[in-house]
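Working notes for the structure below.
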Amino acid sequence: MHNLIHDLTKEVADREFLSISTTEDTEVVPEQTLHASCLFQIDGSSVFPSDFYRKHIKLRTFIYLNGSPYSVMNNSTLERMISSFERLRVPHLCQLQIELLPQSLGGLKHLRYLAICSESIVTLPNSITKLHNLQILKLVNCNKLKKLPRDIWRLVSLRRLVCRFCHSLTHLPSGLWQLAGLMHLDFYYCLSLEDMPPGIDQLTSLRTLTSFIIGKESCISGLASDKLNELKGHVDLRSRLTIKFMGRAHAIGERTPTDVVNVETMRMMILELIR
């Protein structure tokens, strides 16, 4: 960005946008600030001053931008932030290790965007399904995350679901197909995924689907091509799609373990289905 454009942007933004560079800055953040980015390293013991929470109950955006791998937000700090910033729309915490997501997260009724990157999180609180205004849920490098909330279908405004490098994620909720407005479904490098839930063909708004997993049971029983049929209606997919078979795919007609579809036949079948 050119310096002149940068200075003009700062002038227009006035005091509503602020970058907090040091811990000392938290004590002098203007009360008018609605959007804040945090640039200093947070360790497990550090907390924001009480005045920071009291003065900024109207905060809409909190973005953590310090890339240090040692930055950790402990449970009490996160709990205090959630209870204080009830009007928060965008918490971007992708460069911050979080020990635990509290149930109180479901109280942020105005939340539109949530980005988390933490190797400590095993599950997401089911209260997250109360975030009816949430449009983007982004989970990156959550290596211990084993599953998504069962009632994820309650996130009626969800447009983008991103789970990248979540190596322990094995299954997706069966109600995923009820997210009628879902446009982007990204499970890049979630290597432990065993199958896709039924009903993907009902996600008529889908524009991005990075992976499609055909489970071992579908492959063995000869239902692999039936599973592939769920992609037929997705003619508007715009990005690269990887189709992964968890077993040897058998022909749909005979449904016997002796008739195996050769690679070229299956390739042509896939191309025809997604053309």
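Just so we're on the same page: first chain in the structure tokens is A, next is B, and so on; residues restart at 1 for each chain, and ligands are numbered from 1 in the order they show up.
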With a distance cut-off of 10 Å and only C-alpha atoms, select the neighbouring residues of Glu217 of chain A, excluding the residue or stretch itself and same-chain residues fewer than 2 positions from it, and output the selection as an NGL selection string.
:A and (194-195 or 214-215 or 219-224 or 246-249)
Which of segment 81-124 of chain A end up as helix (DSSP H, G or I) when DSSP is run on this backbone - answer as a JSON list (two decimals) with C-alpha atoms, in the first residue's frame?
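To be explicit, this is the file written out as states12.json:
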```
[["chain", "number", "residue", "atom", "x", "y", "z"],
["A", 81, "MET", "CA", -12.99, -11.46, 26.64],
["A", 82, "ILE", "CA", -16.15, -13.34, 25.62],
["A", 83, "SER", "CA", -18.15, -12.08, 28.59],
["A", 84, "SER", "CA", -16.98, -8.48, 28.09],
["A", 103, "GLN", "CA", -19.48, -22.86, 26.47],
["A", 104, "SER", "CA", -20.07, -19.12, 26.90],
["A", 105, "LEU", "CA", -18.95, -18.70, 23.27],
["A", 106, "GLY", "CA", -22.55, -19.39, 22.31],
["A", 107, "GLY", "CA", -23.53, -16.10, 23.96]]
```
So how many Å separate atom CA of Thr208 of chain A and atom CA of Ser157 of chain A, to one decimal?
16.8 Å
Quick one: which segment 23-82 of chain A residues come within 12 Å of segment 113-116 of chain A, and what is the nearest atom pair for each with the distance in Å to one decimal, counting only C-alpha atoms, rows ordered by chain and ascending number, as a Markdown table?
```
| residue | atom | partner | partner_atom | distance |
| --- | --- | --- | --- | --- |
| A:Arg60 | CA | A:Tyr113 | CA | 10.9 |
| A:Thr61 | CA | A:Tyr113 | CA | 9.6 |
| A:Phe62 | CA | A:Leu114 | CA | 10.4 |
| A:Ile63 | CA | A:Ala115 | CA | 9.6 |
| A:Tyr64 | CA | A:Ala115 | CA | 10.3 |
| A:Met73 | CA | A:Ile116 | CA | 11.7 |
```
So the first atom is atom CA of Leu93 of chain A and the second is atom CA of Cys142 of chain A; what is the distance between them in Å, to one decimal place?
12.3 Å
Determine, counting only C-alpha atoms, which protein, DNA and RNA residues have an atom within 7 Å of an atom of segment 124-126 of chain A; residues of the same chain fewer than 4 positions away are not included. Present the result as an NGL selection string.
:A and (101-103 or 148-149)
Record the distance separating atom CA of Arg164 of chain A and atom CA of Pro198 of chain A, expressed in Å with one decimal.
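According to the coordinates, atom CA of Arg164 of chain A and atom CA of Pro198 of chain A are separated by 21.2 Å.
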Counting only C-alpha atoms, the option among A:Val29, A:Cys94, A:Ile121, A:Met1 closest to Leu137 of chain A
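For Leu137 of chain A, the nearest of the candidates is A:Cys94.
Listed by chain and then by rising number, the residues of segment 166-255 of chain A that DSSP assigns to strand (DSSP E or B) from the backbone are His184, Leu185, Asp186, Thr208, Leu209, Ser211, Phe212, Ile213, Ile214, Thr242, Ile243, Lys244, Phe245 and His250 of chain A.
Remark: for Phe165 of chain A, the closest of the candidate residues A:Arg112, A:Arg238, A:Lys144, A:Arg150 is A:Lys144 (distances computed over only C-alpha atoms).
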Using only C-alpha atoms, the residue out of A:Leu206, A:His56, A:Lys146, A:Lys138 with shortest distance to Val28 of chain A is A:His56
Counting only C-alpha atoms, what is within 8 Å of Gly181 of chain A, bar same-chain residues fewer than 5 positions away, as a list in words?
Val156, Ser157, Leu158, Arg159, Leu203, Thr204, Ser205 and Leu206 of chain A
Kindly save the residues from that selection, with N, CA and C atoms included, as an mmCIF file, in the first residue's frame.
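Final output, again_27.cif:
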```
data_model
loop_
_atom_site.group_PDB
_atom_site.id
_atom_site.type_symbol
_atom_site.label_atom_id
_atom_site.label_comp_id
_atom_site.auth_asym_id
_atom_site.auth_seq_id
_atom_site.Cartn_x
_atom_site.Cartn_y
_atom_site.Cartn_z
ATOM 1 N N VAL A 156 -27.650 -21.608 10.818
ATOM 2 C CA VAL A 156 -28.462 -21.392 9.620
ATOM 3 C C VAL A 156 -27.865 -20.350 8.667
ATOM 4 N N SER A 157 -26.969 -19.491 9.164
ATOM 5 C CA SER A 157 -26.382 -18.446 8.311
ATOM 6 C C SER A 157 -25.022 -18.841 7.751
ATOM 7 N N LEU A 158 -24.547 -20.053 8.082
ATOM 8 C CA LEU A 158 -23.193 -20.452 7.695
ATOM 9 C C LEU A 158 -23.046 -20.512 6.173
ATOM 10 N N ARG A 159 -22.024 -19.818 5.677
ATOM 11 C CA ARG A 159 -21.734 -19.793 4.241
ATOM 12 C C ARG A 159 -20.417 -20.494 3.908
ATOM 13 N N LEU A 203 -26.932 -29.635 -0.987
ATOM 14 C CA LEU A 203 -26.264 -28.348 -0.757
ATOM 15 C C LEU A 203 -26.202 -27.616 -2.098
ATOM 16 N N THR A 204 -27.331 -27.096 -2.535
ATOM 17 C CA THR A 204 -27.450 -26.539 -3.876
ATOM 18 C C THR A 204 -26.698 -25.232 -4.066
ATOM 19 N N SER A 205 -26.283 -24.595 -2.985
ATOM 20 C CA SER A 205 -25.547 -23.327 -3.104
ATOM 21 C C SER A 205 -24.041 -23.535 -3.173
ATOM 22 N N LEU A 206 -23.600 -24.787 -3.093
ATOM 23 C CA LEU A 206 -22.171 -25.088 -2.991
ATOM 24 C C LEU A 206 -21.402 -24.633 -4.236
#
```
